[in-house]
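Q: PDB, C-alpha atoms, file upload-v5.pdb:
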MODEL        1
ATOM      1  CA  MET A   1    -175.666 128.904-140.982
ATOM      2  CA  PRO A   2    -176.698 127.922-144.528
ATOM      3  CA  GLU A   3    -179.989 129.666-145.311
ATOM      4  CA  LEU A   4    -182.599 129.014-147.993
ATOM      5  CA  PRO A   5    -180.495 130.145-151.007
ATOM      6  CA  GLU A   6    -177.553 128.034-149.878
ATOM      7  CA  VAL A   7    -179.703 124.945-149.272
ATOM      8  CA  GLU A   8    -181.480 125.456-152.609
ATOM      9  CA  THR A   9    -178.083 125.684-154.328
ATOM     10  CA  VAL A  10    -176.935 122.466-152.654
ATOM     11  CA  LYS A  11    -180.186 120.759-153.677
ATOM     12  CA  ASN A  12    -179.678 121.805-157.303
ATOM     13  CA  GLY A  13    -176.132 120.457-157.236
ATOM     14  CA  LEU A  14    -177.257 117.036-156.021
ATOM     15  CA  GLN A  15    -179.656 116.240-158.842
ATOM     16  CA  GLN A  16    -177.094 113.858-160.363
ATOM     17  CA  LEU A  17    -178.055 111.442-157.589
ATOM     18  CA  ARG A  18    -181.609 111.068-158.889
ATOM     19  CA  GLY A  19    -182.145 107.548-160.216
ATOM     20  CA  THR A  20    -179.072 106.155-158.487
ATOM     21  CA  SER A  21    -179.176 103.325-155.968
ATOM     22  CA  ILE A  22    -177.887 103.526-152.389
ATOM     23  CA  LYS A  23    -175.318 100.754-151.980
ATOM     24  CA  ASN A  24    -174.011 101.503-148.507
ATOM     25  CA  PHE A  25    -173.575 104.137-145.830
ATOM     26  CA  ILE A  26    -170.761 104.812-143.378
ATOM     27  CA  ILE A  27    -171.224 106.448-139.972
ATOM     28  CA  ARG A  28    -167.903 107.741-138.639
ATOM     29  CA  PHE A  29    -169.098 110.047-135.875
ATOM     30  CA  PRO A  30    -172.677 109.443-134.743
ATOM     31  CA  ARG A  31    -173.161 112.395-132.371
ATOM     32  CA  LEU A  32    -174.895 115.014-134.508
ATOM     33  CA  ARG A  33    -178.005 116.945-133.374
ATOM     34  CA  TYR A  34    -179.758 113.558-133.337
ATOM     35  CA  PRO A  35    -177.589 110.431-132.972
ATOM     36  CA  LEU A  36    -176.853 108.460-136.146
ATOM     37  CA  ILE A  37    -177.910 104.901-135.328
ATOM     38  CA  GLU A  38    -176.881 102.253-137.857
ATOM     39  CA  SER A  39    -180.015 100.123-137.514
ATOM     40  CA  GLU A  40    -182.205 103.119-138.355
ATOM     41  CA  PHE A  41    -180.480 103.536-141.726
ATOM     42  CA  THR A  42    -180.442  99.914-142.895
ATOM     43  CA  PRO A  43    -183.845 100.338-144.668
ATOM     44  CA  ILE A  44    -182.254 102.753-147.169
ATOM     45  CA  LEU A  45    -179.933 100.086-148.593
ATOM     46  CA  ASP A  46    -180.586  99.164-152.246
ATOM     47  CA  GLN A  47    -183.229 101.863-152.535
ATOM     48  CA  THR A  48    -183.304 104.258-155.483
ATOM     49  CA  ILE A  49    -183.243 108.007-154.935
ATOM     50  CA  LYS A  50    -186.352 109.184-156.789
ATOM     51  CA  GLN A  51    -186.320 112.916-156.057
ATOM     52  CA  ILE A  52    -184.288 115.482-154.124
ATOM     53  CA  THR A  53    -186.313 118.464-152.939
ATOM     54  CA  ARG A  54    -186.144 121.174-150.294
ATOM     55  CA  ARG A  55    -188.590 122.175-147.548
ATOM     56  CA  ALA A  56    -187.483 125.261-145.613
ATOM     57  CA  LYS A  57    -183.803 124.563-144.864
ATOM     58  CA  TYR A  58    -184.274 120.781-144.992
ATOM     59  CA  LEU A  59    -183.139 118.639-147.915
ATOM     60  CA  ILE A  60    -185.489 115.749-148.601
ATOM     61  CA  PHE A  61    -184.376 112.639-150.476
ATOM     62  CA  GLN A  62    -187.438 110.706-151.613
ATOM     63  CA  LEU A  63    -186.664 106.997-151.805
ATOM     64  CA  GLU A  64    -188.790 104.127-153.054
ATOM     65  CA  THR A  65    -189.909 103.658-149.460
ATOM     66  CA  GLY A  66    -189.393 106.525-147.055
ATOM     67  CA  TYR A  67    -187.294 109.666-147.005
ATOM     68  CA  LEU A  68    -183.947 110.978-145.865
ATOM     69  CA  ILE A  69    -184.192 114.393-144.193
ATOM     70  CA  ILE A  70    -180.944 116.357-143.988
ATOM     71  CA  HIS A  71    -180.355 119.684-142.240
ATOM     72  CA  LEU A  72    -176.954 121.366-142.477
ATOM     73  CA  GLY A  73    -177.160 123.038-139.069
ATOM     74  CA  MET A  74    -174.617 125.792-138.426
ATOM     75  CA  SER A  75    -171.664 124.446-140.387
ATOM     76  CA  GLY A  76    -172.731 121.314-142.264
ATOM     77  CA  ARG A  77    -171.642 120.656-145.824
ATOM     78  CA  LEU A  78    -172.674 118.022-148.365
ATOM     79  CA  THR A  79    -170.205 117.288-151.138
ATOM     80  CA  LEU A  80    -170.644 114.992-154.124
ATOM     81  CA  LEU A  81    -167.439 112.989-154.500
ATOM     82  CA  THR A  82    -165.832 110.225-156.511
ATOM     83  CA  GLN A  83    -165.212 106.906-154.791
ATOM     84  CA  ASN A  84    -161.524 107.484-153.991
ATOM     85  CA  THR A  85    -161.590 110.929-152.383
ATOM     86  CA  PRO A  86    -159.485 110.998-149.169
ATOM     87  CA  LEU A  87    -161.213 111.655-145.860
ATOM     88  CA  GLY A  88    -161.051 115.086-144.272
ATOM     89  CA  LYS A  89    -161.485 116.295-140.723
ATOM     90  CA  HIS A  90    -165.136 116.289-139.550
ATOM     91  CA  ASP A  91    -166.307 113.917-142.334
ATOM     92  CA  HIS A  92    -169.004 112.187-140.286
ATOM     93  CA  PHE A  93    -171.214 110.338-142.770
ATOM     94  CA  ASP A  94    -171.007 108.898-146.295
ATOM     95  CA  LEU A  95    -173.917 107.883-148.505
ATOM     96  CA  ILE A  96    -172.466 105.522-151.100
ATOM     97  CA  CYS A  97    -174.370 105.358-154.374
ATOM     98  CA  ASP A  98    -173.778 103.755-157.790
ATOM     99  CA  GLN A  99    -171.266 106.300-159.087
ATOM    100  CA  TYR A 100    -170.908 108.811-156.261
ATOM    101  CA  VAL A 101    -170.217 109.249-152.592
ATOM    102  CA  LEU A 102    -172.245 111.960-150.847
ATOM    103  CA  ARG A 103    -170.157 113.067-147.874
ATOM    104  CA  TYR A 104    -171.455 115.011-144.873
ATOM    105  CA  ASN A 105    -168.947 117.224-143.082
ATOM    106  CA  ASP A 106    -169.933 119.215-139.991
ATOM    107  CA  PRO A 107    -167.345 120.798-137.648
ATOM    108  CA  ARG A 108    -169.953 122.034-135.137
ATOM    109  CA  ARG A 109    -172.220 118.947-135.434
ATOM    110  CA  PHE A 110    -175.551 120.829-135.221
ATOM    111  CA  GLY A 111    -176.892 119.255-138.427
ATOM    112  CA  CYS A 112    -178.955 116.109-138.716
ATOM    113  CA  ILE A 113    -179.589 113.151-141.021
ATOM    114  CA  ILE A 114    -182.825 111.251-140.393
ATOM    115  CA  TYR A 115    -184.639 108.415-142.145
ATOM    116  CA  THR A 116    -188.428 108.447-141.889
ATOM    117  CA  THR A 117    -191.311 106.742-143.633
ATOM    118  CA  ASN A 118    -193.623 109.766-143.389
ATOM    119  CA  ILE A 119    -192.671 113.422-143.883
ATOM    120  CA  THR A 120    -196.244 114.734-143.731
ATOM    121  CA  THR A 121    -196.472 114.328-139.972
ATOM    122  CA  HIS A 122    -192.772 114.394-139.102
ATOM    123  CA  PRO A 123    -192.237 116.852-136.202
ATOM    124  CA  LEU A 124    -189.413 118.665-138.034
ATOM    125  CA  LEU A 125    -191.701 119.536-140.950
ATOM    126  CA  ALA A 126    -195.304 119.394-139.773
ATOM    127  CA  LYS A 127    -195.627 122.948-138.418
ATOM    128  CA  LEU A 128    -193.645 124.877-141.001
ATOM    129  CA  GLY A 129    -195.117 127.956-142.656
ATOM    130  CA  PRO A 130    -195.320 128.590-146.410
ATOM    131  CA  GLU A 131    -192.337 128.751-148.732
ATOM    132  CA  PRO A 132    -191.452 132.377-149.532
ATOM    133  CA  LEU A 133    -191.172 131.694-153.269
ATOM    134  CA  GLU A 134    -194.492 129.894-153.604
ATOM    135  CA  ALA A 135    -197.953 131.279-154.312
ATOM    136  CA  ASP A 136    -199.351 131.014-150.775
ATOM    137  CA  PHE A 137    -196.857 133.543-149.394
ATOM    138  CA  THR A 138    -198.878 136.644-150.232
ATOM    139  CA  PRO A 139    -198.956 140.193-148.817
ATOM    140  CA  GLU A 140    -202.418 139.501-147.446
ATOM    141  CA  TYR A 141    -201.200 136.360-145.684
ATOM    142  CA  LEU A 142    -198.208 138.184-144.170
ATOM    143  CA  TYR A 143    -200.385 141.102-143.036
ATOM    144  CA  GLN A 144    -202.785 138.730-141.255
ATOM    145  CA  GLN A 145    -199.856 137.012-139.530
ATOM    146  CA  LEU A 146    -198.350 140.295-138.339
ATOM    147  CA  LYS A 147    -201.322 142.408-137.358
ATOM    148  CA  LYS A 148    -201.538 141.247-133.729
ATOM    149  CA  ARG A 149    -197.841 140.673-133.088
ATOM    150  CA  LYS A 150    -195.604 142.963-131.040
ATOM    151  CA  SER A 151    -192.313 141.217-131.839
ATOM    152  CA  SER A 152    -189.879 142.950-134.172
ATOM    153  CA  ILE A 153    -190.587 142.497-137.869
ATOM    154  CA  LYS A 154    -187.092 141.061-138.322
ATOM    155  CA  GLN A 155    -187.779 138.269-135.833
ATOM    156  CA  LEU A 156    -191.204 137.598-137.312
ATOM    157  CA  ILE A 157    -190.027 137.088-140.907
ATOM    158  CA  MET A 158    -187.385 134.728-139.530
ATOM    159  CA  ASP A 159    -190.051 132.672-137.730
ATOM    160  CA  ASN A 160    -190.462 129.398-139.634
ATOM    161  CA  ALA A 161    -194.066 129.119-138.475
ATOM    162  CA  ILE A 162    -194.832 132.314-140.443
ATOM    163  CA  VAL A 163    -192.598 131.835-143.478
ATOM    164  CA  VAL A 164    -189.733 129.403-143.900
ATOM    165  CA  GLY A 165    -186.142 129.962-144.865
ATOM    166  CA  VAL A 166    -185.774 133.746-144.485
ATOM    167  CA  GLY A 167    -182.637 133.628-142.383
ATOM    168  CA  ASN A 168    -180.627 136.436-140.866
ATOM    169  CA  ILE A 169    -178.757 137.619-143.956
ATOM    170  CA  TYR A 170    -181.788 137.743-146.204
ATOM    171  CA  ALA A 171    -184.071 139.292-143.573
ATOM    172  CA  CYS A 172    -181.590 142.173-143.158
ATOM    173  CA  GLU A 173    -181.282 142.674-146.909
ATOM    174  CA  SER A 174    -185.037 142.456-147.576
ATOM    175  CA  LEU A 175    -185.919 144.950-144.861
ATOM    176  CA  PHE A 176    -183.322 147.396-146.172
ATOM    177  CA  LEU A 177    -184.724 147.250-149.704
ATOM    178  CA  SER A 178    -188.211 147.721-148.238
ATOM    179  CA  GLN A 179    -187.073 150.753-146.177
ATOM    180  CA  ILE A 180    -188.507 149.110-143.051
ATOM    181  CA  SER A 181    -186.585 149.219-139.786
ATOM    182  CA  PRO A 182    -185.943 145.760-138.291
ATOM    183  CA  LEU A 183    -186.887 147.278-134.907
ATOM    184  CA  ARG A 184    -190.503 147.950-135.823
ATOM    185  CA  HIS A 185    -193.244 145.818-134.308
ATOM    186  CA  GLY A 186    -194.968 143.462-136.711
ATOM    187  CA  ASP A 187    -198.367 144.975-136.007
ATOM    188  CA  SER A 188    -197.163 148.404-137.203
ATOM    189  CA  LEU A 189    -196.846 147.321-140.843
ATOM    190  CA  SER A 190    -199.577 148.291-143.279
ATOM    191  CA  LEU A 191    -200.832 146.029-146.034
ATOM    192  CA  ASN A 192    -198.956 148.137-148.568
ATOM    193  CA  GLU A 193    -195.721 147.719-146.603
ATOM    194  CA  CYS A 194    -196.362 143.961-146.559
ATOM    195  CA  LYS A 195    -196.684 144.042-150.349
ATOM    196  CA  ILE A 196    -193.318 145.757-150.628
ATOM    197  CA  LEU A 197    -191.698 143.404-148.127
ATOM    198  CA  VAL A 198    -193.005 140.210-149.751
ATOM    199  CA  LYS A 199    -191.765 141.420-153.134
ATOM    200  CA  ASN A 200    -188.309 142.207-151.758
ATOM    201  CA  ILE A 201    -187.992 138.958-149.802
ATOM    202  CA  GLN A 202    -188.681 137.084-153.009
ATOM    203  CA  GLN A 203    -186.360 139.285-155.053
ATOM    204  CA  VAL A 204    -183.477 138.916-152.596
ATOM    205  CA  LEU A 205    -183.873 135.135-152.364
ATOM    206  CA  VAL A 206    -184.050 134.655-156.143
ATOM    207  CA  THR A 207    -180.978 136.846-156.657
ATOM    208  CA  ALA A 208    -179.083 134.992-153.937
ATOM    209  CA  ILE A 209    -179.938 131.604-155.442
ATOM    210  CA  LYS A 210    -178.648 132.784-158.832
ATOM    211  CA  ALA A 211    -175.419 133.848-157.090
ATOM    212  CA  GLY A 212    -175.038 130.461-155.414
ATOM    213  CA  GLY A 213    -175.784 131.818-151.940
ATOM    214  CA  SER A 214    -173.494 133.636-149.502
ATOM    215  CA  SER A 215    -170.159 132.134-148.439
ATOM    216  CA  LEU A 216    -169.202 133.792-145.152
ATOM    217  CA  ARG A 217    -167.624 130.947-143.185
ATOM    218  CA  ASP A 218    -168.074 127.254-143.954
ATOM    219  CA  TYR A 219    -170.566 127.234-146.806
ATOM    220  CA  LYS A 220    -169.697 125.623-150.142
ATOM    221  CA  ASN A 221    -172.042 124.013-152.650
ATOM    222  CA  ALA A 222    -172.261 120.304-153.476
ATOM    223  CA  HIS A 223    -169.254 120.605-155.788
ATOM    224  CA  GLY A 224    -167.068 122.440-153.286
ATOM    225  CA  GLU A 225    -167.584 125.883-154.844
ATOM    226  CA  LEU A 226    -168.189 129.169-153.008
ATOM    227  CA  GLY A 227    -171.273 131.339-153.406
ATOM    228  CA  TYR A 228    -170.799 135.024-154.136
ATOM    229  CA  PHE A 229    -173.993 136.810-153.043
ATOM    230  CA  GLN A 230    -171.990 138.286-150.122
ATOM    231  CA  GLN A 231    -170.452 140.621-152.695
ATOM    232  CA  GLN A 232    -173.916 142.162-153.142
ATOM    233  CA  HIS A 233    -174.821 142.634-149.467
ATOM    234  CA  LEU A 234    -176.179 146.124-148.858
ATOM    235  CA  VAL A 235    -176.315 146.079-145.043
ATOM    236  CA  TYR A 236    -175.497 142.623-143.688
ATOM    237  CA  ASN A 237    -172.139 142.566-141.888
ATOM    238  CA  ARG A 238    -171.480 146.203-142.876
ATOM    239  CA  ALA A 239    -171.707 147.865-139.452
ATOM    240  CA  GLN A 240    -170.062 151.306-139.335
ATOM    241  CA  GLN A 241    -169.655 151.366-143.107
ATOM    242  CA  PRO A 242    -171.409 153.987-145.263
ATOM    243  CA  CYS A 243    -174.879 153.136-146.512
ATOM    244  CA  LYS A 244    -174.786 152.617-150.269
ATOM    245  CA  GLN A 245    -177.910 154.752-150.658
ATOM    246  CA  CYS A 246    -177.522 157.675-148.239
ATOM    247  CA  ASN A 247    -173.895 157.441-147.045
ATOM    248  CA  ASN A 248    -174.866 157.410-143.341
ATOM    249  CA  LEU A 249    -173.324 154.670-141.223
ATOM    250  CA  ILE A 250    -174.895 151.213-141.039
ATOM    251  CA  LEU A 251    -175.773 150.263-137.454
ATOM    252  CA  GLU A 252    -175.697 146.873-135.733
ATOM    253  CA  THR A 253    -178.010 145.640-132.991
ATOM    254  CA  ARG A 254    -179.106 142.331-131.444
ATOM    255  CA  LEU A 255    -182.601 140.976-132.103
ATOM    256  CA  GLY A 256    -183.572 137.494-130.999
ATOM    257  CA  GLN A 257    -179.951 136.509-130.322
ATOM    258  CA  ARG A 258    -178.928 137.470-133.868
ATOM    259  CA  ASN A 259    -176.863 140.407-135.110
ATOM    260  CA  SER A 260    -178.996 142.743-137.200
ATOM    261  CA  PHE A 261    -177.772 145.414-139.589
ATOM    262  CA  TYR A 262    -179.729 148.399-140.839
ATOM    263  CA  CYS A 263    -179.534 152.021-141.966
ATOM    264  CA  PRO A 264    -181.314 154.310-139.466
ATOM    265  CA  SER A 265    -181.837 156.924-142.183
ATOM    266  CA  CYS A 266    -183.203 154.735-144.976
ATOM    267  CA  GLN A 267    -185.197 152.355-142.786
ATOM    268  CA  ILE A 268    -188.027 153.799-140.717
TER     269      ILE A 268
ENDMDL
END
Give the structure from this file in structure tokens form.
A:
Amino acid sequence: MPELPEVETVKNGLQQLRGTSIKNFIIRFPRLRYPLIESEFTPILDQTIKQITRRAKYLIFQLETGYLIIHLGMSGRLTLLTQNTPLGKHDHFDLICDQYVLRYNDPRRFGCIIYTTNITTHPLLAKLGPEPLEADFTPEYLYQQLKKRKSSIKQLIMDNAIVVGVGNIYACESLFLSQISPLRHGDSLSLNECKILVKNIQQVLVTAIKAGGSSLRDYKNAHGELGYFQQQHLVYNRAQQPCKQCNNLILETRLGQRNSFYCPSCQI
């Protein structure tokens, strides 16, 4: 699944659409996470795209009136194309603008494209926690969120109600750099450990964004290019390989339905 660095990279690659006008849209396969209904998209016609931003793993296109909210789901991909690009398999939706076609491809169809007039109260966005790279995600805030929670710290930093966008890859990497076991209960972390963890979450995300994200399966950016942060993974997807710090074997376990990777020697 594309995580925060991948979505941020896609957002950055779509900025050419700012100031362009939406001339048409084409729905080829309507059954995504939420059905694509033609009448619900007609208000976007002839509107100008004013801004393209990100909230958690959602892309938000601000129009003159209303917003498009796009989530890439497990395998979704947005690609900025010229008008005459041939169709591919799983190309479900086109947004046709002045000079570009923005094409949505999604083999597993868990993504969504929604038009709304209000994002402040929209149920997809209303209960999200702070952005990890913004000022309100502080060690003190994280400590207060964790201090009465018995769930594993890995699951808690992946909880979008606590902090958004720290997906599986980047949770594993951040906890390794912080020398914190993903198995520990949230309420076992001290304020000082929260300071270390917040710093490393931010460091890992910034580094991953600079690398264009991680391309493990389907992910490519808006121009069809791969990310390369996977070349820097220290623990993620490295089960039974030597730890790069202590040479002991990386272990794999399941936490909250997700594979988790950690070094039992370095992370306590």
Q: Could you name the residues that touch A:Leu177 at 10 Å or less, counting only C-alpha atoms, but leaving out those on the same chain fewer than 2 positions away, as a list in words?
A: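 Everything that qualifies: Cys172, Glu173, Ser174, Leu175, Gln179, Ile180, Ile196, Leu197, Lys199, Asn200, Ile201, Gln203, Val204, Leu234, Val235, Cys266 and Gln267 of chain A.
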Q: Taking the file as I've supplied it (selection: the PyMOL selection byres ((chain A and resi 257) around 12)), which residues are included? Please answer as a PyMOL selection string.
A: chain A and resi 154-155+158+168+253-256+258-260
Q: Could you list the residues chosen by the PyMOL selection byres ((chain A and resi 96) around 7) in this structure as a PDB file with C-alpha atoms, in the coordinates of the input?
A:
ATOM      1  CA  ILE A  22    -177.887 103.526-152.389  1.00  0.00           C
ATOM      2  CA  LYS A  23    -175.318 100.754-151.980  1.00  0.00           C
ATOM      3  CA  ASN A  24    -174.011 101.503-148.507  1.00  0.00           C
ATOM      4  CA  PHE A  25    -173.575 104.137-145.830  1.00  0.00           C
ATOM      5  CA  ASP A  94    -171.007 108.898-146.295  1.00  0.00           C
ATOM      6  CA  LEU A  95    -173.917 107.883-148.505  1.00  0.00           C
ATOM      7  CA  CYS A  97    -174.370 105.358-154.374  1.00  0.00           C
ATOM      8  CA  TYR A 100    -170.908 108.811-156.261  1.00  0.00           C
ATOM      9  CA  VAL A 101    -170.217 109.249-152.592  1.00  0.00           C
ATOM     10  CA  LEU A 102    -172.245 111.960-150.847  1.00  0.00           C
TER      11      LEU A 102
END
Q: With only C-alpha atoms as the atoms that count, which of A:Tyr104, A:Phe61, A:Tyr141, A:Phe29 lies nearest to A:Ile49?
A: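 Checking each of A:Tyr104, A:Phe61, A:Tyr141, A:Phe29 against A:Ile49, counting only C-alpha atoms, the winner is A:Phe61.
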Q: Which residues come within 8 Å of A:Pro2, counting only C-alpha atoms, excluding same-chain residues fewer than 5 positions away, as a PDB file with C-alpha atoms, in the coordinates of the input?
A:
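Once written, part19.pdb looks like this:
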ATOM      1  CA  VAL A   7    -179.703 124.945-149.272  1.00  0.00           C
ATOM      2  CA  LYS A  57    -183.803 124.563-144.864  1.00  0.00           C
ATOM      3  CA  LEU A  72    -176.954 121.366-142.477  1.00  0.00           C
ATOM      4  CA  GLY A  73    -177.160 123.038-139.069  1.00  0.00           C
ATOM      5  CA  MET A  74    -174.617 125.792-138.426  1.00  0.00           C
ATOM      6  CA  SER A  75    -171.664 124.446-140.387  1.00  0.00           C
ATOM      7  CA  TYR A 219    -170.566 127.234-146.806  1.00  0.00           C
TER       8      TYR A 219
END
Q: What is the atom CA of A:Gly227-atom CA of A:Ala56 distance in Å, reported with one decimal?
A: 19.0 Å
Q: Output the residue selection produced by the PyMOL selection byres ((chain A and resi 115) around 8) on the file above, formatted as a PDB file with C-alpha atoms, in the coordinates of the input.
A:
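Wrote part-v1.pdb, looks like this:
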ATOM      1  CA  GLU A  40    -182.205 103.119-138.355  1.00  0.00           C
ATOM      2  CA  PHE A  41    -180.480 103.536-141.726  1.00  0.00           C
ATOM      3  CA  ILE A  44    -182.254 102.753-147.169  1.00  0.00           C
ATOM      4  CA  GLY A  66    -189.393 106.525-147.055  1.00  0.00           C
ATOM      5  CA  TYR A  67    -187.294 109.666-147.005  1.00  0.00           C
ATOM      6  CA  LEU A  68    -183.947 110.978-145.865  1.00  0.00           C
ATOM      7  CA  ILE A  69    -184.192 114.393-144.193  1.00  0.00           C
ATOM      8  CA  ILE A 113    -179.589 113.151-141.021  1.00  0.00           C
ATOM      9  CA  ILE A 114    -182.825 111.251-140.393  1.00  0.00           C
ATOM     10  CA  THR A 116    -188.428 108.447-141.889  1.00  0.00           C
ATOM     11  CA  THR A 117    -191.311 106.742-143.633  1.00  0.00           C
TER      12      THR A 117
END
Q: If you count all atoms listed in the file, which residues fall within 9 Å of A:Lys195, apart from same-chain ones fewer than 5 positions away, as a ChimeraX atom specification?
A: /A:138-140,142-143,190,200
Q: Check the smallest atom-to-atom distance from each of A:Leu205, A:Leu183, A:Ile70, A:Cys243 to A:Phe110 using only C-alpha atoms, then report the winner.
A: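 Going through A:Leu205, A:Leu183, A:Ile70, A:Cys243 one by one, the smallest distance to A:Phe110 is for A:Ile70.
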Q: State, in Å with one decimal place, the distance from atom CA of A:Gln202 to atom CA of A:Arg18.
A: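 One can read the atom CA of A:Gln202 to atom CA of A:Arg18 distance as 27.6 Å.
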Q: List as a ChimeraX atom specification: which residues have an atom within 7 Å of (-188.9, 117.3, -146.6), counting all atoms listed in the file?
A: /A:53-55,58-60,69,119,125
Q: Check the smallest atom-to-atom distance from each of A:Leu189, A:Ala135, A:Ala126, A:Leu14 to A:Leu156 using only C-alpha atoms, then report the winner.
A: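 Counting only C-alpha atoms, the residue closest to A:Leu156 is A:Leu189.
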Q: Return the single residue from A:Glu64, A:Arg103, A:Gln245, A:Leu124 that is closest to A:Lys89, with distances computed using all atoms listed in the file.
A: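 Closest candidate: A:Arg103.
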Q: Tell me which of A:Glu3, A:Ile153, A:Glu131, A:Asp91 sits closest to A:Arg184, counting all atoms listed in the file.
A: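 Closest to A:Arg184 of all the choices is A:Ile153.
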Q: Would you work out the distance separating atom CA of A:Ala239 from atom CA of A:Pro107, expressed in Å to one decimal?
A: 27.5 Å
Q: Kindly provide, as JSON, the centre and edge lengths (Å, one decimal) of an axis-aligned box around all atoms of stretch 34-46 of chain A given in the file, with 3 Å on each side.
A:
{"center_x": -180.3, "center_y": 106.4, "center_z": -142.6, "size_x": 13.0, "size_y": 20.4, "size_z": 25.3}
